[in-house]
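Dropping structure-v6.txt in here (compact mmCIF, C-alpha atoms):
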# COMPACT_ATOMS: atom_id res chain seq x y z
CA MET A 1 -9.55 26.00 -9.87
CA ASN A 2 -11.51 24.81 -6.85
CA LEU A 3 -9.87 24.11 -3.50
CA ILE A 4 -11.52 21.08 -1.88
CA ILE A 5 -11.26 21.05 1.92
CA GLN A 6 -12.23 18.01 3.99
CA GLY A 7 -11.80 16.88 7.57
CA THR A 8 -13.45 15.13 10.48
CA GLU A 9 -14.32 18.65 11.63
CA VAL A 10 -13.98 21.78 9.51
CA ALA A 11 -14.20 25.14 11.27
CA THR A 12 -15.84 28.07 9.49
CA THR A 13 -12.94 30.28 10.53
CA ASP A 14 -10.51 27.89 8.81
CA LEU A 15 -12.53 28.00 5.59
CA LYS A 16 -12.61 31.79 5.62
CA HIS A 17 -8.86 31.94 6.21
CA LEU A 18 -8.22 29.56 3.30
CA ALA A 19 -10.54 31.58 1.08
CA THR A 20 -8.51 34.68 1.89
CA LEU A 21 -5.21 32.88 1.20
CA THR A 22 -6.38 31.61 -2.19
CA GLY A 23 -8.59 34.49 -3.33
CA ALA A 24 -11.60 32.17 -3.57
CA THR A 25 -14.82 33.89 -4.63
CA ALA A 26 -17.28 31.59 -2.83
CA ILE A 27 -17.52 28.64 -0.45
CA ASP A 28 -19.90 25.78 -1.26
CA SER A 29 -20.79 22.94 1.10
CA ILE A 30 -20.44 19.48 -0.49
CA THR A 31 -21.16 17.54 2.72
CA PRO A 32 -21.18 18.66 6.36
CA ASN A 33 -17.41 18.01 6.44
CA ALA A 34 -16.36 18.78 2.87
CA PHE A 35 -16.29 22.17 1.15
CA ARG A 36 -15.47 23.63 -2.26
CA LEU A 37 -13.69 27.00 -2.40
CA ILE A 38 -14.53 28.31 -5.86
CA GLY A 39 -12.08 30.27 -7.96
CA ALA A 40 -9.11 29.45 -5.74
CA ASN A 41 -5.48 30.10 -6.65
CA ALA A 42 -2.45 28.14 -5.49
CA ASN A 43 -0.76 29.45 -2.34
CA PRO A 44 2.17 27.74 -0.57
CA GLU A 45 0.63 28.64 2.79
CA VAL A 46 -2.32 26.31 2.23
CA ALA A 47 -0.42 23.05 2.83
CA PRO A 48 1.11 23.89 6.23
CA PHE A 49 -2.14 25.47 7.42
CA CYS A 50 -4.16 22.38 6.50
CA GLU A 51 -1.63 20.03 8.05
CA GLN A 52 -1.64 22.05 11.27
CA ASN A 53 -5.45 21.89 11.40
CA LYS A 54 -5.78 18.26 10.22
CA LEU A 55 -7.54 19.10 6.99
CA ASP A 56 -7.28 17.36 3.65
CA TYR A 57 -6.94 19.71 0.69
CA ALA A 58 -6.82 19.41 -3.09
CA LEU A 59 -6.70 22.00 -5.86
CA VAL A 60 -8.93 20.58 -8.59
CA ALA A 61 -9.86 21.92 -12.02
CA ALA A 62 -13.36 23.40 -11.79
CA GLY A 63 -14.87 21.29 -14.58
CA ARG A 64 -13.61 17.89 -13.39
CA LYS A 65 -16.43 15.36 -13.12
CA LEU A 66 -16.43 11.84 -11.69
CA GLY A 67 -18.16 10.71 -14.88
CA ASP A 68 -15.00 11.60 -16.83
CA PHE A 69 -13.44 8.40 -15.43
CA ARG A 70 -14.19 4.80 -16.37
CA LEU A 71 -11.94 2.77 -14.04
CA VAL A 72 -10.80 3.03 -10.41
CA VAL A 73 -7.86 0.82 -9.42
CA MET A 74 -6.87 0.43 -5.79
CA ASP A 75 -4.63 -1.40 -3.38
CA MET A 76 -6.15 -3.67 -0.72
CA ASP A 77 -4.21 -3.69 2.56
CA SER A 78 -4.46 -0.39 4.47
CA THR A 79 -6.32 1.11 1.50
CA LEU A 80 -9.55 -0.69 0.69
CA ILE A 81 -9.36 -2.44 4.07
CA THR A 82 -8.09 -1.21 7.42
CA ILE A 83 -5.57 -3.97 8.13
CA GLU A 84 -2.41 -5.50 6.70
CA SER A 85 -3.77 -9.02 6.25
CA ILE A 86 -0.41 -10.80 6.48
CA ASP A 87 0.32 -9.07 9.79
CA GLU A 88 -2.96 -10.38 11.19
CA ILE A 89 -2.22 -13.95 10.08
CA ALA A 90 1.13 -13.63 11.86
CA ASP A 91 -0.64 -12.35 14.97
CA PHE A 92 -2.39 -15.70 15.37
CA MET A 93 1.09 -17.27 15.41
CA GLY A 94 2.53 -14.80 17.91
CA LEU A 95 4.72 -13.24 15.20
CA LYS A 96 2.92 -9.99 14.42
CA ALA A 97 5.67 -7.63 15.62
CA GLN A 98 8.34 -9.33 13.52
CA VAL A 99 6.20 -9.54 10.37
CA ALA A 100 4.74 -6.03 10.76
CA GLU A 101 8.24 -4.56 10.93
CA ILE A 102 9.08 -6.06 7.54
CA THR A 103 5.70 -4.99 6.13
CA ALA A 104 6.25 -1.38 7.19
CA ALA A 105 9.78 -1.29 5.75
CA GLY A 106 8.48 -2.65 2.45
CA MET A 107 5.67 -0.10 2.28
CA ARG A 108 8.18 2.70 2.87
CA GLY A 109 10.25 1.37 -0.02
CA GLU A 110 13.20 0.39 2.16
CA ILE A 111 13.07 -3.30 1.20
CA ASP A 112 12.35 -4.82 -2.21
CA PHE A 113 8.73 -5.96 -2.11
CA LYS A 114 9.34 -9.46 -3.47
CA GLU A 115 12.05 -10.04 -0.90
CA SER A 116 9.92 -8.67 1.91
CA LEU A 117 6.98 -10.89 0.93
CA ARG A 118 9.14 -14.01 0.71
CA ARG A 119 10.56 -13.30 4.16
CA ARG A 120 7.15 -12.74 5.69
CA VAL A 121 5.44 -15.71 4.06
CA ASP A 122 8.34 -17.94 5.09
CA MET A 123 7.59 -17.02 8.71
CA LEU A 124 4.03 -18.32 8.25
CA GLU A 125 5.16 -21.87 7.47
CA GLY A 126 3.06 -24.40 9.32
CA ALA A 127 0.14 -22.08 10.02
CA ASP A 128 -3.30 -23.71 9.90
CA GLU A 129 -5.23 -22.52 6.83
CA ASN A 130 -8.20 -21.80 9.11
CA MET A 131 -6.27 -18.76 10.31
CA LEU A 132 -7.01 -17.12 6.97
CA MET A 133 -10.75 -17.39 7.53
CA ARG A 134 -10.37 -16.13 11.09
CA VAL A 135 -8.60 -13.03 9.80
CA TYR A 136 -11.30 -12.51 7.17
CA GLU A 137 -14.21 -12.93 9.56
CA GLU A 138 -12.80 -11.42 12.75
CA ARG A 139 -10.47 -8.63 11.62
CA LEU A 140 -10.92 -7.65 8.00
CA ARG A 141 -13.05 -4.53 7.64
CA PRO A 142 -13.47 -2.15 4.69
CA SER A 143 -11.93 1.27 5.27
CA PRO A 144 -14.28 4.07 6.31
CA GLY A 145 -16.17 5.39 3.29
CA ALA A 146 -15.40 2.35 1.11
CA ASP A 147 -19.05 1.33 0.76
CA GLN A 148 -20.06 4.89 -0.20
CA LEU A 149 -17.28 5.18 -2.77
CA LEU A 150 -17.92 1.81 -4.38
CA GLY A 151 -21.68 2.31 -4.36
CA ARG A 152 -21.36 5.60 -6.23
CA LEU A 153 -18.93 4.12 -8.75
CA ARG A 154 -21.40 1.31 -9.49
CA GLU A 155 -24.23 3.82 -9.91
CA ILE A 156 -22.47 5.62 -12.73
CA GLY A 157 -20.90 2.56 -14.34
CA ILE A 158 -17.25 3.01 -13.36
CA LYS A 159 -15.36 -0.30 -13.24
CA THR A 160 -13.22 -1.27 -10.23
CA LEU A 161 -9.94 -3.18 -10.08
CA LEU A 162 -8.28 -4.43 -6.90
CA VAL A 163 -4.53 -5.06 -7.23
CA SER A 164 -2.77 -6.41 -4.17
CA GLY A 165 0.53 -7.79 -2.97
CA GLY A 166 -1.64 -9.69 -0.50
CA PHE A 167 -3.47 -12.92 -1.10
CA ILE A 168 -6.21 -14.18 -3.39
CA PHE A 169 -7.96 -15.74 -0.38
CA PHE A 170 -8.91 -12.22 0.68
CA THR A 171 -9.15 -10.38 -2.65
CA ASP A 172 -11.58 -12.87 -4.19
CA ARG A 173 -13.85 -12.72 -1.16
CA LEU A 174 -13.70 -8.93 -1.10
CA ALA A 175 -14.47 -8.72 -4.80
CA GLN A 176 -17.61 -10.80 -4.33
CA ARG A 177 -18.61 -9.04 -1.09
CA LEU A 178 -18.10 -5.49 -2.38
CA GLY A 179 -19.04 -5.98 -6.01
CA LEU A 180 -15.61 -5.32 -7.53
CA ASP A 181 -15.15 -6.05 -11.22
CA TYR A 182 -11.55 -7.32 -11.17
CA ALA A 183 -9.09 -8.57 -8.53
CA HIS A 184 -5.46 -9.65 -8.82
CA SER A 185 -3.11 -10.85 -6.05
CA ASN A 186 -0.84 -13.64 -4.78
CA THR A 187 -1.66 -17.26 -4.03
CA LEU A 188 -0.38 -18.91 -0.86
CA GLU A 189 0.67 -22.53 -1.18
CA ILE A 190 -1.34 -24.76 1.17
CA ILE A 191 -0.69 -28.47 1.57
CA ASP A 192 -2.66 -30.75 3.92
CA GLY A 193 -4.38 -27.75 5.46
CA ARG A 194 -1.22 -25.84 6.36
CA LEU A 195 0.72 -22.97 4.81
CA THR A 196 4.03 -24.11 3.36
CA GLY A 197 5.72 -20.71 3.63
CA ARG A 198 5.73 -20.26 -0.16
CA VAL A 199 3.82 -18.25 -2.75
CA LEU A 200 2.69 -19.99 -5.94
CA GLY A 201 3.65 -18.47 -9.27
CA GLU A 202 5.12 -15.05 -9.92
CA ILE A 203 4.82 -12.65 -7.00
CA VAL A 204 2.50 -9.70 -7.56
CA ASP A 205 4.66 -6.71 -6.67
CA GLY A 206 4.65 -3.14 -7.95
CA ASP A 207 5.42 -4.30 -11.49
CA GLY A 208 2.73 -6.95 -11.26
CA LYS A 209 0.14 -4.41 -10.16
CA ARG A 210 1.07 -2.11 -13.03
CA LYS A 211 0.96 -4.97 -15.54
CA GLU A 212 -2.54 -5.99 -14.43
CA LEU A 213 -3.78 -2.40 -14.63
CA LEU A 214 -2.45 -2.07 -18.17
CA ARG A 215 -4.10 -5.36 -19.12
CA VAL A 216 -7.50 -4.24 -17.83
CA ARG A 217 -7.04 -0.77 -19.32
CA ASP A 218 -6.40 -2.22 -22.76
CA GLU A 219 -9.25 -4.73 -22.38
CA LEU A 220 -11.64 -1.85 -21.68
CA GLY A 221 -10.10 0.40 -24.33
CA LEU A 222 -9.36 3.22 -21.90
CA ARG A 223 -6.92 6.12 -21.85
CA LYS A 224 -4.75 7.02 -18.88
CA GLU A 225 -6.88 10.13 -18.29
CA GLN A 226 -9.92 7.92 -17.60
CA ILE A 227 -8.34 6.09 -14.65
CA ILE A 228 -8.14 6.91 -10.92
CA GLY A 229 -5.58 5.06 -8.79
CA ILE A 230 -5.63 4.79 -4.98
CA GLY A 231 -2.79 3.40 -2.86
CA ASP A 232 -0.73 3.81 0.28
CA GLY A 233 2.64 2.08 -0.12
CA ALA A 234 5.75 2.31 -2.27
CA ASN A 235 4.76 -0.77 -4.26
CA ASP A 236 1.64 1.12 -5.43
CA LEU A 237 3.58 3.90 -7.13
CA LYS A 238 4.05 2.09 -10.44
CA PHE A 239 0.36 1.52 -11.04
CA MET A 240 -0.53 4.96 -9.70
CA ALA A 241 1.82 6.48 -12.29
CA GLU A 242 -0.37 4.98 -15.03
CA CYS A 243 -3.47 6.81 -13.77
CA GLY A 244 -4.78 10.20 -14.81
CA VAL A 245 -5.42 10.97 -11.13
CA SER A 246 -3.58 9.25 -8.29
CA ILE A 247 -4.69 9.46 -4.66
CA ALA A 248 -2.50 8.67 -1.65
CA TYR A 249 -4.82 7.26 1.01
CA HIS A 250 -3.46 7.52 4.58
CA ALA A 251 -0.20 6.81 2.83
CA LYS A 252 3.53 6.71 3.43
CA PRO A 253 5.40 9.99 2.74
CA VAL A 254 6.99 8.64 -0.45
CA VAL A 255 3.50 8.05 -1.88
CA ARG A 256 2.03 11.36 -0.74
CA ALA A 257 4.95 13.14 -2.43
CA GLN A 258 4.16 11.62 -5.85
CA ALA A 259 0.36 11.43 -5.84
CA THR A 260 -1.98 13.96 -7.44
CA TYR A 261 -3.96 14.30 -4.21
CA ALA A 262 -3.75 12.91 -0.68
CA LEU A 263 -6.36 11.92 1.89
CA ASN A 264 -4.79 11.78 5.33
CA TYR A 265 -7.78 12.31 7.63
CA VAL A 266 -11.08 11.46 5.91
CA GLY A 267 -12.31 8.14 4.53
CA LEU A 268 -12.38 6.76 0.99
CA ASP A 269 -15.64 8.54 0.31
CA GLY A 270 -13.49 11.70 0.29
CA VAL A 271 -12.48 10.71 -3.24
CA LEU A 272 -16.01 11.57 -4.40
CA ASN A 273 -15.73 15.14 -3.14
CA PHE A 274 -12.88 16.00 -5.51
CA PHE A 275 -15.20 15.87 -8.51
CA ASN A 276 -18.50 17.47 -9.50
Could you show the structure in this file as structure tokens?
Amino acid sequence: MNLIIQGTEVATTDLKHLATLTGATAIDSITPNAFRLIGANANPEVAPFCEQNKLDYALVAAGRKLGDFRLVVMDMDSTLITIESIDEIADFMGLKAQVAEITAAGMRGEIDFKESLRRRVDMLEGADENMLMRVYEERLRPSPGADQLLGRLREIGIKTLLVSGGFIFFTDRLAQRLGLDYAHSNTLEIIDGRLTGRVLGEIVDGDGKRKELLRVRDELGLRKEQIIGIGDGANDLKFMAECGVSIAYHAKPVVRAQATYALNYVGLDGVLNFFN
């Protein structure tokens, strides 16, 4: 096994300590802030040490290559992008605190996602549709490392799927902007230029995300082992469970506990460092 260590800063003394803990035979530099400890063994002391020193860690099979995968599926809000888009729409209405509280509870799995989305969208009734474009232009930014990750995936022919409990207004624009292959999300009802407080059609929740992943998987003729899933909230767990490798990105504890690997400190480009 290889122990992959990443962080905004990685001290040489920390790497040497981790090598001693795991019996690693060598330390290779992947990037200036990512390292591969070769021939590492599992040790329960690694996790608390890395958490104390703000390091991301992952024990990965030595022969694992990025080219082994054919599809990467990811969440949008707080994963591919830095914001929760619905919270930012609410901010233009002076309702961000109220909406964000419901968003956070839903992401922790404390509220059923469909119910939480209905409650939040209902609070947006009457909002001018131009607020959506303001959020997109003024506040929506890809997460750190997103461009590097997606660029590398395109280079080696790995398809990308965006599944979101957010809104098609944003996912379609992101798909075109970032070169994503597939996108699936909810549609806000807009009449006479204003949000009605309703979502059209069936709400895309955790089950909806999983269903879309399985549809694309079957369309491409892939196996579970060929898929990487990236998410941060409880409603991502169902699609992440259908992936050969699941990655919790700056995620809630319930997601970190069930994912294959977690990235808590580095950007999305950290996904690339797991694999040869």
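Checking A:Ser78, A:Ser185, A:Thr196, A:Gln98 one by one against Arg141 in chain A, counting all atoms listed in the file, you find the shortest gap at A:Ser78.
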Within-10 Å shell of (-16.5, 14.4, 13.1) in input frame, all atoms listed in the file, as a PyMOL selection string: chain A and resi 7-10+32-33+266
Can I get the selection written as an mmCIF file, in the coordinates of the input, with C-alpha atoms?
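Saved the output as result.cif:
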data_model
loop_
_atom_site.group_PDB
_atom_site.id
_atom_site.type_symbol
_atom_site.label_atom_id
_atom_site.label_comp_id
_atom_site.auth_asym_id
_atom_site.auth_seq_id
_atom_site.Cartn_x
_atom_site.Cartn_y
_atom_site.Cartn_z
ATOM 1 C CA GLY A 7 -11.800 16.880 7.570
ATOM 2 C CA THR A 8 -13.450 15.130 10.480
ATOM 3 C CA GLU A 9 -14.320 18.650 11.630
ATOM 4 C CA VAL A 10 -13.980 21.780 9.510
ATOM 5 C CA PRO A 32 -21.180 18.660 6.360
ATOM 6 C CA ASN A 33 -17.410 18.010 6.440
ATOM 7 C CA VAL A 266 -11.080 11.460 5.910
#
Tell me, as a PDB file with C-alpha atoms, in the coordinates of the input, which residues lie within 10 Å of Leu132 in chain A, counting all atoms listed in the file; anything in the same chain fewer than 5 positions away does not count.
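To be explicit, this is the file written out as selection_24.pdb:
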ATOM      1  CA  SER A  85      -3.770  -9.020   6.250  1.00  0.00           C
ATOM      2  CA  ILE A  86      -0.410 -10.800   6.480  1.00  0.00           C
ATOM      3  CA  GLU A  88      -2.960 -10.380  11.190  1.00  0.00           C
ATOM      4  CA  ILE A  89      -2.220 -13.950  10.080  1.00  0.00           C
ATOM      5  CA  PHE A  92      -2.390 -15.700  15.370  1.00  0.00           C
ATOM      6  CA  ALA A 127       0.140 -22.080  10.020  1.00  0.00           C
ATOM      7  CA  GLU A 137     -14.210 -12.930   9.560  1.00  0.00           C
ATOM      8  CA  GLU A 138     -12.800 -11.420  12.750  1.00  0.00           C
ATOM      9  CA  PHE A 167      -3.470 -12.920  -1.100  1.00  0.00           C
ATOM     10  CA  PHE A 169      -7.960 -15.740  -0.380  1.00  0.00           C
ATOM     11  CA  PHE A 170      -8.910 -12.220   0.680  1.00  0.00           C
ATOM     12  CA  LEU A 195       0.720 -22.970   4.810  1.00  0.00           C
TER      13      LEU A 195
END
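Coordinates place CA of Asp181 in chain A at a distance of 27.4 Å from CA of Val121 in chain A.
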field: Distance criterion (all atoms listed in the file): nearest to Leu188 in chain A out of A:Gly157, A:Gly244, A:Gly201, A:Gly231
entry: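 Between A:Gly157, A:Gly244, A:Gly201, A:Gly231, the residue approaching Leu188 in chain A most closely is A:Gly201.
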- request: Please provide as a list in words all residues within 7 Å of Leu80 in chain A, with the sequence filter that same-chain residues fewer than 6 positions apart are discarded (counting only C-alpha atoms).
  value: Pro142, Ser143 and Ala146 of chain A
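Proximity of A:Lys96, A:Arg120, A:Arg198, A:Arg139 to Ile83 in chain A, computed with all atoms listed in the file, is greatest for A:Arg139.
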field: Between CA of Ala183 in chain A and CA of Glu212 in chain A, distance in Å (one decimal)
entry: 9.2 Å
task: Would you kindly return, as an MDAnalysis selection string, each protein, DNA or RNA residue with an atom no farther than 9 Å from any atom of Glu129 in chain A, considering all atoms listed in the file and excluding same-chain residues fewer than 5 positions away?
output: chainID A and resid 190 193:195
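Take CA of Arg108 in chain A and CA of Asp87 in chain A: the distance between them is 15.8 Å.
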field: Among listed residues A:Ile102, A:Leu161, A:Leu222, A:Leu15, nearest Met76 in chain A (using all atoms listed in the file)
entry: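 Ranked by minimum distance to Met76 in chain A, first place goes to A:Leu161.
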